[in-house]
$ cat work15.pdb   # PDB, C-alpha atoms, pLDDT in the B column
ATOM      1  CA  MET I 138     -53.446  12.822 200.439  1.00 35.00           C
ATOM      2  CA  ARG I 139     -50.711  12.644 197.841  1.00 46.00           C
ATOM      3  CA  GLY I 140     -48.826   9.457 197.146  1.00 51.00           C
ATOM      4  CA  ASN I 141     -45.516  11.190 196.385  1.00 62.00           C
ATOM      5  CA  LEU I 142     -44.275  13.624 199.026  1.00 69.00           C
ATOM      6  CA  LEU I 143     -41.238  14.667 196.969  1.00 77.00           C
ATOM      7  CA  GLY I 144     -43.080  15.993 193.941  1.00 85.00           C
ATOM      8  CA  PRO I 145     -45.975  15.468 191.593  1.00 94.00           C
ATOM      9  CA  ASP I 146     -47.183  11.996 190.765  1.00 96.00           C
ATOM     10  CA  PRO I 147     -46.111  10.676 187.358  1.00 98.00           C
ATOM     11  CA  THR I 148     -48.389  11.593 184.477  1.00 98.00           C
ATOM     12  CA  LEU I 149     -49.731   8.547 182.660  1.00 98.00           C
ATOM     13  CA  LEU I 150     -51.439   9.165 179.342  1.00 98.00           C
ATOM     14  CA  PRO I 151     -54.348   6.952 178.307  1.00 96.00           C
ATOM     15  CA  SER I 152     -53.652   4.233 175.782  1.00 95.00           C
ATOM     16  CA  ASP I 153     -54.601   4.632 172.140  1.00 94.00           C
ATOM     17  CA  ASP I 154     -54.949   1.050 170.964  1.00 95.00           C
ATOM     18  CA  ALA I 155     -56.276   2.007 167.517  1.00 95.00           C
ATOM     19  CA  VAL I 156     -53.184   4.048 166.674  1.00 97.00           C
ATOM     20  CA  ASP I 157     -50.806   1.521 168.214  1.00 96.00           C
ATOM     21  CA  SER I 158     -52.324  -1.367 166.285  1.00 97.00           C
ATOM     22  CA  GLN I 159     -52.337   0.550 162.982  1.00 98.00           C
ATOM     23  CA  LEU I 160     -48.700   1.579 163.341  1.00 97.00           C
ATOM     24  CA  ALA I 161     -47.678  -1.929 164.452  1.00 96.00           C
ATOM     25  CA  ALA I 162     -49.479  -3.373 161.430  1.00 97.00           C
ATOM     26  CA  GLY I 163     -47.395  -1.185 159.129  1.00 97.00           C
ATOM     27  CA  THR I 164     -50.111   1.267 158.132  1.00 98.00           C
ATOM     28  CA  ASP I 165     -48.543   4.333 156.532  1.00 98.00           C
ATOM     29  CA  PRO I 166     -48.052   6.809 159.405  1.00 98.00           C
ATOM     30  CA  THR I 167     -49.294   9.605 157.131  1.00 98.00           C
ATOM     31  CA  GLU I 168     -52.663   7.831 156.983  1.00 98.00           C
ATOM     32  CA  VAL I 169     -52.591   7.236 160.743  1.00 98.00           C
ATOM     33  CA  ALA I 170     -51.806  10.895 161.474  1.00 98.00           C
ATOM     34  CA  ALA I 171     -54.577  12.021 159.119  1.00 98.00           C
ATOM     35  CA  ALA I 172     -57.095   9.704 160.811  1.00 98.00           C
ATOM     36  CA  HIS I 173     -55.814  10.444 164.343  1.00 98.00           C
ATOM     37  CA  PRO I 174     -54.274  13.944 164.275  1.00 97.00           C
ATOM     38  CA  SER I 175     -54.047  14.140 168.067  1.00 97.00           C
ATOM     39  CA  SER I 176     -51.717  11.119 168.192  1.00 97.00           C
ATOM     40  CA  SER I 177     -48.170  11.980 169.193  1.00 98.00           C
ATOM     41  CA  ALA I 178     -47.117   8.457 168.221  1.00 98.00           C
ATOM     42  CA  ALA I 179     -48.197   8.959 164.601  1.00 98.00           C
ATOM     43  CA  TRP I 180     -46.393  12.315 164.347  1.00 98.00           C
ATOM     44  CA  ALA I 181     -43.299  10.902 166.078  1.00 98.00           C
ATOM     45  CA  THR I 182     -43.217   8.055 163.564  1.00 98.00           C
ATOM     46  CA  LEU I 183     -43.393  10.545 160.696  1.00 98.00           C
ATOM     47  CA  ALA I 184     -40.626  12.652 162.257  1.00 98.00           C
ATOM     48  CA  GLU I 185     -38.382   9.637 162.794  1.00 98.00           C
ATOM     49  CA  ARG I 186     -38.944   8.542 159.200  1.00 98.00           C
ATOM     50  CA  ALA I 187     -38.078  12.028 157.912  1.00 98.00           C
ATOM     51  CA  LEU I 188     -34.907  12.113 160.024  1.00 98.00           C
ATOM     52  CA  ALA I 189     -33.876   8.712 158.663  1.00 98.00           C
ATOM     53  CA  ALA I 190     -34.458  10.055 155.130  1.00 98.00           C
ATOM     54  CA  GLY I 191     -32.203  13.065 155.776  1.00 98.00           C
ATOM     55  CA  GLU I 192     -35.071  15.575 155.817  1.00 98.00           C
ATOM     56  CA  PRO I 193     -34.564  17.483 159.082  1.00 98.00           C
ATOM     57  CA  VAL I 194     -36.858  20.421 158.270  1.00 98.00           C
ATOM     58  CA  ILE I 195     -39.765  18.090 157.543  1.00 98.00           C
ATOM     59  CA  ALA I 196     -38.869  16.076 160.647  1.00 98.00           C
ATOM     60  CA  TYR I 197     -38.877  19.283 162.703  1.00 98.00           C
ATOM     61  CA  ALA I 198     -42.402  20.115 161.553  1.00 98.00           C
ATOM     62  CA  TYR I 199     -43.719  16.615 162.261  1.00 98.00           C
ATOM     63  CA  ALA I 200     -41.958  16.429 165.633  1.00 98.00           C
ATOM     64  CA  ARG I 201     -43.204  19.855 166.711  1.00 98.00           C
ATOM     65  CA  THR I 202     -46.753  18.821 165.837  1.00 98.00           C
ATOM     66  CA  GLY I 203     -46.408  15.608 167.860  1.00 98.00           C
ATOM     67  CA  TYR I 204     -44.855  17.521 170.731  1.00 98.00           C
ATOM     68  CA  HIS I 205     -47.695  20.049 170.901  1.00 98.00           C
ATOM     69  CA  ARG I 206     -50.395  17.397 170.536  1.00 98.00           C
ATOM     70  CA  GLY I 207     -48.677  15.535 173.384  1.00 98.00           C
ATOM     71  CA  LEU I 208     -48.603  18.641 175.573  1.00 98.00           C
ATOM     72  CA  ASP I 209     -52.363  18.951 175.046  1.00 98.00           C
ATOM     73  CA  GLN I 210     -52.845  15.328 176.137  1.00 97.00           C
ATOM     74  CA  LEU I 211     -50.570  15.731 179.147  1.00 98.00           C
ATOM     75  CA  ARG I 212     -52.487  18.781 180.345  1.00 98.00           C
ATOM     76  CA  ARG I 213     -55.788  16.921 179.962  1.00 97.00           C
ATOM     77  CA  ALA I 214     -54.251  14.126 182.064  1.00 97.00           C
ATOM     78  CA  GLY I 215     -53.484  16.592 184.883  1.00 96.00           C
ATOM     79  CA  TRP I 216     -49.860  17.499 184.128  1.00 97.00           C
ATOM     80  CA  LYS I 217     -49.047  21.013 185.386  1.00 95.00           C
ATOM     81  CA  GLY I 218     -45.982  21.671 183.243  1.00 95.00           C
ATOM     82  CA  PHE I 219     -43.527  19.681 185.346  1.00 96.00           C
ATOM     83  CA  GLY I 220     -43.106  16.287 186.892  1.00 97.00           C
ATOM     84  CA  PRO I 221     -42.382  12.761 185.715  1.00 98.00           C
ATOM     85  CA  ILE I 222     -43.623  11.426 182.387  1.00 98.00           C
ATOM     86  CA  PRO I 223     -42.392   7.822 182.605  1.00 98.00           C
ATOM     87  CA  TRP I 224     -40.955   6.186 179.489  1.00 98.00           C
ATOM     88  CA  ALA I 225     -41.963   2.756 180.837  1.00 98.00           C
ATOM     89  CA  HIS I 226     -45.650   3.704 180.458  1.00 98.00           C
ATOM     90  CA  ARG I 227     -46.190   2.841 176.780  1.00 97.00           C
ATOM     91  CA  PRO I 228     -48.835   5.529 176.066  1.00 98.00           C
ATOM     92  CA  ASN I 229     -46.289   8.198 177.111  1.00 98.00           C
ATOM     93  CA  GLN I 230     -43.791   7.006 174.523  1.00 98.00           C
ATOM     94  CA  GLY I 231     -45.385   8.810 171.557  1.00 98.00           C
ATOM     95  CA  PHE I 232     -44.910  12.171 173.267  1.00 98.00           C
ATOM     96  CA  LEU I 233     -41.392  11.336 174.441  1.00 98.00           C
ATOM     97  CA  ARG I 234     -40.433  10.086 170.959  1.00 98.00           C
ATOM     98  CA  ALA I 235     -41.768  13.308 169.416  1.00 98.00           C
ATOM     99  CA  LEU I 236     -39.739  15.313 171.947  1.00 98.00           C
ATOM    100  CA  ALA I 237     -36.573  13.326 171.125  1.00 98.00           C
ATOM    101  CA  ALA I 238     -37.196  13.719 167.383  1.00 98.00           C
ATOM    102  CA  LEU I 239     -37.659  17.458 167.896  1.00 98.00           C
ATOM    103  CA  ALA I 240     -34.298  17.581 169.704  1.00 98.00           C
ATOM    104  CA  ARG I 241     -32.602  15.702 166.843  1.00 98.00           C
ATOM    105  CA  ALA I 242     -34.235  17.776 164.108  1.00 98.00           C
ATOM    106  CA  ALA I 243     -33.471  21.048 165.904  1.00 98.00           C
ATOM    107  CA  ASP I 244     -29.846  19.971 166.244  1.00 98.00           C
ATOM    108  CA  ALA I 245     -29.702  19.052 162.549  1.00 98.00           C
ATOM    109  CA  ILE I 246     -30.897  22.503 161.452  1.00 98.00           C
ATOM    110  CA  GLY I 247     -28.674  24.396 163.888  1.00 98.00           C
ATOM    111  CA  GLU I 248     -31.422  25.332 166.338  1.00 98.00           C
ATOM    112  CA  ASP I 249     -29.059  24.710 169.261  1.00 98.00           C
ATOM    113  CA  ASP I 250     -31.131  26.317 172.035  1.00 98.00           C
ATOM    114  CA  GLU I 251     -34.207  24.307 171.025  1.00 98.00           C
ATOM    115  CA  ALA I 252     -32.194  21.085 170.821  1.00 98.00           C
ATOM    116  CA  SER I 253     -30.767  21.630 174.320  1.00 98.00           C
ATOM    117  CA  ARG I 254     -34.144  22.585 175.769  1.00 98.00           C
ATOM    118  CA  CYS I 255     -35.763  19.461 174.329  1.00 98.00           C
ATOM    119  CA  GLN I 256     -32.957  17.237 175.605  1.00 98.00           C
ATOM    120  CA  ARG I 257     -33.315  18.714 179.116  1.00 98.00           C
ATOM    121  CA  PHE I 258     -37.089  18.338 179.005  1.00 98.00           C
ATOM    122  CA  LEU I 259     -36.712  14.697 177.948  1.00 98.00           C
ATOM    123  CA  ALA I 260     -34.265  13.946 180.780  1.00 98.00           C
ATOM    124  CA  ASP I 261     -36.437  15.815 183.293  1.00 97.00           C
ATOM    125  CA  SER I 262     -39.479  13.833 182.149  1.00 98.00           C
ATOM    126  CA  ASP I 263     -37.712  10.526 182.733  1.00 98.00           C
ATOM    127  CA  PRO I 264     -33.963  10.138 183.233  1.00 97.00           C
ATOM    128  CA  GLN I 265     -34.134   6.796 181.381  1.00 96.00           C
ATOM    129  CA  ALA I 266     -35.796   8.259 178.268  1.00 98.00           C
ATOM    130  CA  PRO I 267     -32.719   9.784 176.568  1.00 97.00           C
ATOM    131  CA  ALA I 268     -30.827   6.484 176.622  1.00 96.00           C
ATOM    132  CA  ALA I 269     -33.929   4.560 175.516  1.00 96.00           C
ATOM    133  CA  LEU I 270     -34.204   6.942 172.571  1.00 96.00           C
ATOM    134  CA  GLY I 271     -30.525   6.995 171.665  1.00 91.00           C
ATOM    135  CA  LEU I 272     -29.763  10.513 172.902  1.00 89.00           C
ATOM    136  CA  ARG I 273     -26.797  11.392 175.039  1.00 75.00           C
TER     137      ARG I 273
END

$ encode --input "work15.pdb" --output "structure tokens"
Amino acid sequence: MRGNLLGPDPTLLPSDDAVDSQLAAGTDPTEVAAAHPSSSAAWATLAERALAAGEPVIAYAYARTGYHRGLDQLRRAGWKGFGPIPWAHRPNQGFLRALAALARAADAIGEDDEASRCQRFLADSDPQAPAALGLR
């Protein structure tokens, strides 16, 4: 029997303590991504850094990588392409950050359809995520 009669249960990704601790310790995210290429958090960090440096094309590439690696993880966790991906669940934040960075980078390079799609996907994943990530 399902716990949520109105839709799919939220998808909760497993934690990745090694990546989290390396990033929190200030390890260069390039090194973290190279050691843990499936980590959306590492790729999101690289994308955010590239956006802050005014390099939207590089940010787009990093964010797209983090987004796709996150989709792989979500599918392995049982996600069927829709349903909640809660921001409050820390392991989901790497994927959601990569998605937000992809929206920002797409907007910066004039990829308007992609930017809008990513913003909708972020809001559909968790209505609180856009505000938590500084998107409208």

$ atom_distance --input "work15.pdb" --atom1 "CA of Pro267 in chain I" --atom2 "CA of Pro174 in chain I"
25.2 Å

$ residues_around --input "work15.pdb" --residues "Ile195 in chain I" --least-positions-apart "4" --cutoff "8 Å" --atoms "all atoms listed in the file" --output "PDB file with C-alpha atoms, keeping the file's coordinate frame"
ATOM      1  CA  ALA I 184     -40.626  12.652 162.257  1.00 98.00           C
ATOM      2  CA  ALA I 187     -38.078  12.028 157.912  1.00 98.00           C
ATOM      3  CA  TYR I 199     -43.719  16.615 162.261  1.00 98.00           C
TER       4      TYR I 199
END

$ resolve_selection --input "work15.pdb" --expression "the PyMOL selection byres ((chain I and resi 235-239) around 9)" --output "PDB file with C-alpha atoms, keeping the file's coordinate frame"
ATOM      1  CA  SER I 177     -48.170  11.980 169.193  1.00 98.00           C
ATOM      2  CA  ALA I 178     -47.117   8.457 168.221  1.00 98.00           C
ATOM      3  CA  TRP I 180     -46.393  12.315 164.347  1.00 98.00           C
ATOM      4  CA  ALA I 181     -43.299  10.902 166.078  1.00 98.00           C
ATOM      5  CA  THR I 182     -43.217   8.055 163.564  1.00 98.00           C
ATOM      6  CA  ALA I 184     -40.626  12.652 162.257  1.00 98.00           C
ATOM      7  CA  GLU I 185     -38.382   9.637 162.794  1.00 98.00           C
ATOM      8  CA  LEU I 188     -34.907  12.113 160.024  1.00 98.00           C
ATOM      9  CA  ALA I 196     -38.869  16.076 160.647  1.00 98.00           C
ATOM     10  CA  TYR I 197     -38.877  19.283 162.703  1.00 98.00           C
ATOM     11  CA  ALA I 198     -42.402  20.115 161.553  1.00 98.00           C
ATOM     12  CA  TYR I 199     -43.719  16.615 162.261  1.00 98.00           C
ATOM     13  CA  ALA I 200     -41.958  16.429 165.633  1.00 98.00           C
ATOM     14  CA  ARG I 201     -43.204  19.855 166.711  1.00 98.00           C
ATOM     15  CA  THR I 202     -46.753  18.821 165.837  1.00 98.00           C
ATOM     16  CA  GLY I 203     -46.408  15.608 167.860  1.00 98.00           C
ATOM     17  CA  TYR I 204     -44.855  17.521 170.731  1.00 98.00           C
ATOM     18  CA  GLY I 207     -48.677  15.535 173.384  1.00 98.00           C
ATOM     19  CA  GLN I 230     -43.791   7.006 174.523  1.00 98.00           C
ATOM     20  CA  GLY I 231     -45.385   8.810 171.557  1.00 98.00           C
ATOM     21  CA  PHE I 232     -44.910  12.171 173.267  1.00 98.00           C
ATOM     22  CA  LEU I 233     -41.392  11.336 174.441  1.00 98.00           C
ATOM     23  CA  ARG I 234     -40.433  10.086 170.959  1.00 98.00           C
ATOM     24  CA  ALA I 240     -34.298  17.581 169.704  1.00 98.00           C
ATOM     25  CA  ARG I 241     -32.602  15.702 166.843  1.00 98.00           C
ATOM     26  CA  ALA I 242     -34.235  17.776 164.108  1.00 98.00           C
ATOM     27  CA  ALA I 243     -33.471  21.048 165.904  1.00 98.00           C
ATOM     28  CA  ASP I 244     -29.846  19.971 166.244  1.00 98.00           C
ATOM     29  CA  GLU I 251     -34.207  24.307 171.025  1.00 98.00           C
ATOM     30  CA  ALA I 252     -32.194  21.085 170.821  1.00 98.00           C
ATOM     31  CA  CYS I 255     -35.763  19.461 174.329  1.00 98.00           C
ATOM     32  CA  GLN I 256     -32.957  17.237 175.605  1.00 98.00           C
ATOM     33  CA  PHE I 258     -37.089  18.338 179.005  1.00 98.00           C
ATOM     34  CA  LEU I 259     -36.712  14.697 177.948  1.00 98.00           C
ATOM     35  CA  ALA I 266     -35.796   8.259 178.268  1.00 98.00           C
ATOM     36  CA  PRO I 267     -32.719   9.784 176.568  1.00 97.00           C
ATOM     37  CA  LEU I 270     -34.204   6.942 172.571  1.00 96.00           C
ATOM     38  CA  GLY I 271     -30.525   6.995 171.665  1.00 91.00           C
ATOM     39  CA  LEU I 272     -29.763  10.513 172.902  1.00 89.00           C
TER      40      LEU I 272
END

$ closest_residue --input "work15.pdb" --among "I:Gln265, I:Ser152, I:Ser176, I:Ser158" --to "Asp209 in chain I" --atoms "only C-alpha atoms"
I:Ser176

$ closest_residue --input "work15.pdb" --among "I:Pro228, I:Gly144, I:Gly247, I:Gly163" --to "Gln210 in chain I" --atoms "all atoms listed in the file"
I:Pro228

$ residues_around --input "work15.pdb" --residues "Phe219 in chain I" --least-positions-apart "4" --cutoff "9 Å" --atoms "all atoms listed in the file" --output "MDAnalysis selection string"
chainID I and resid 145 261:262

$ write_last_selection --input "work15.pdb" --atoms "C-alpha atoms" --output "PDB file, keeping the file's coordinate frame"
ATOM      1  CA  PRO I 145     -45.975  15.468 191.593  1.00 94.00           C
ATOM      2  CA  ASP I 261     -36.437  15.815 183.293  1.00 97.00           C
ATOM      3  CA  SER I 262     -39.479  13.833 182.149  1.00 98.00           C
TER       4      SER I 262
END

$ atom_distance --input "work15.pdb" --atom1 "CA of Ala155 in chain I" --atom2 "CA of Arg186 in chain I"
20.3 Å

$ atom_distance --input "work15.pdb" --atom1 "CA of Arg273 in chain I" --atom2 "CA of Trp224 in chain I"
15.7 Å

$ resolve_selection --input "work15.pdb" --expression "the PyMOL selection byres ((chain I and resi 215) around 12)" --output "compact mmCIF listing (two decimals) with C-alpha atoms, in the coordinates of the input"
# COMPACT_ATOMS: atom_id res chain seq x y z
CA PRO I 145 -45.98 15.47 191.59
CA ASP I 146 -47.18 12.00 190.76
CA PRO I 147 -46.11 10.68 187.36
CA THR I 148 -48.39 11.59 184.48
CA LEU I 149 -49.73 8.55 182.66
CA LEU I 150 -51.44 9.16 179.34
CA PRO I 151 -54.35 6.95 178.31
CA LEU I 208 -48.60 18.64 175.57
CA ASP I 209 -52.36 18.95 175.05
CA GLN I 210 -52.84 15.33 176.14
CA LEU I 211 -50.57 15.73 179.15
CA ARG I 212 -52.49 18.78 180.34
CA ARG I 213 -55.79 16.92 179.96
CA ALA I 214 -54.25 14.13 182.06
CA TRP I 216 -49.86 17.50 184.13
CA LYS I 217 -49.05 21.01 185.39
CA GLY I 218 -45.98 21.67 183.24
CA PHE I 219 -43.53 19.68 185.35
CA GLY I 220 -43.11 16.29 186.89
CA PRO I 221 -42.38 12.76 185.72
CA ILE I 222 -43.62 11.43 182.39

$ closest_residue --input "work15.pdb" --among "I:Ser253, I:Gln159, I:Asn229, I:Ser175" --to "Arg206 in chain I" --atoms "only C-alpha atoms"
I:Ser175
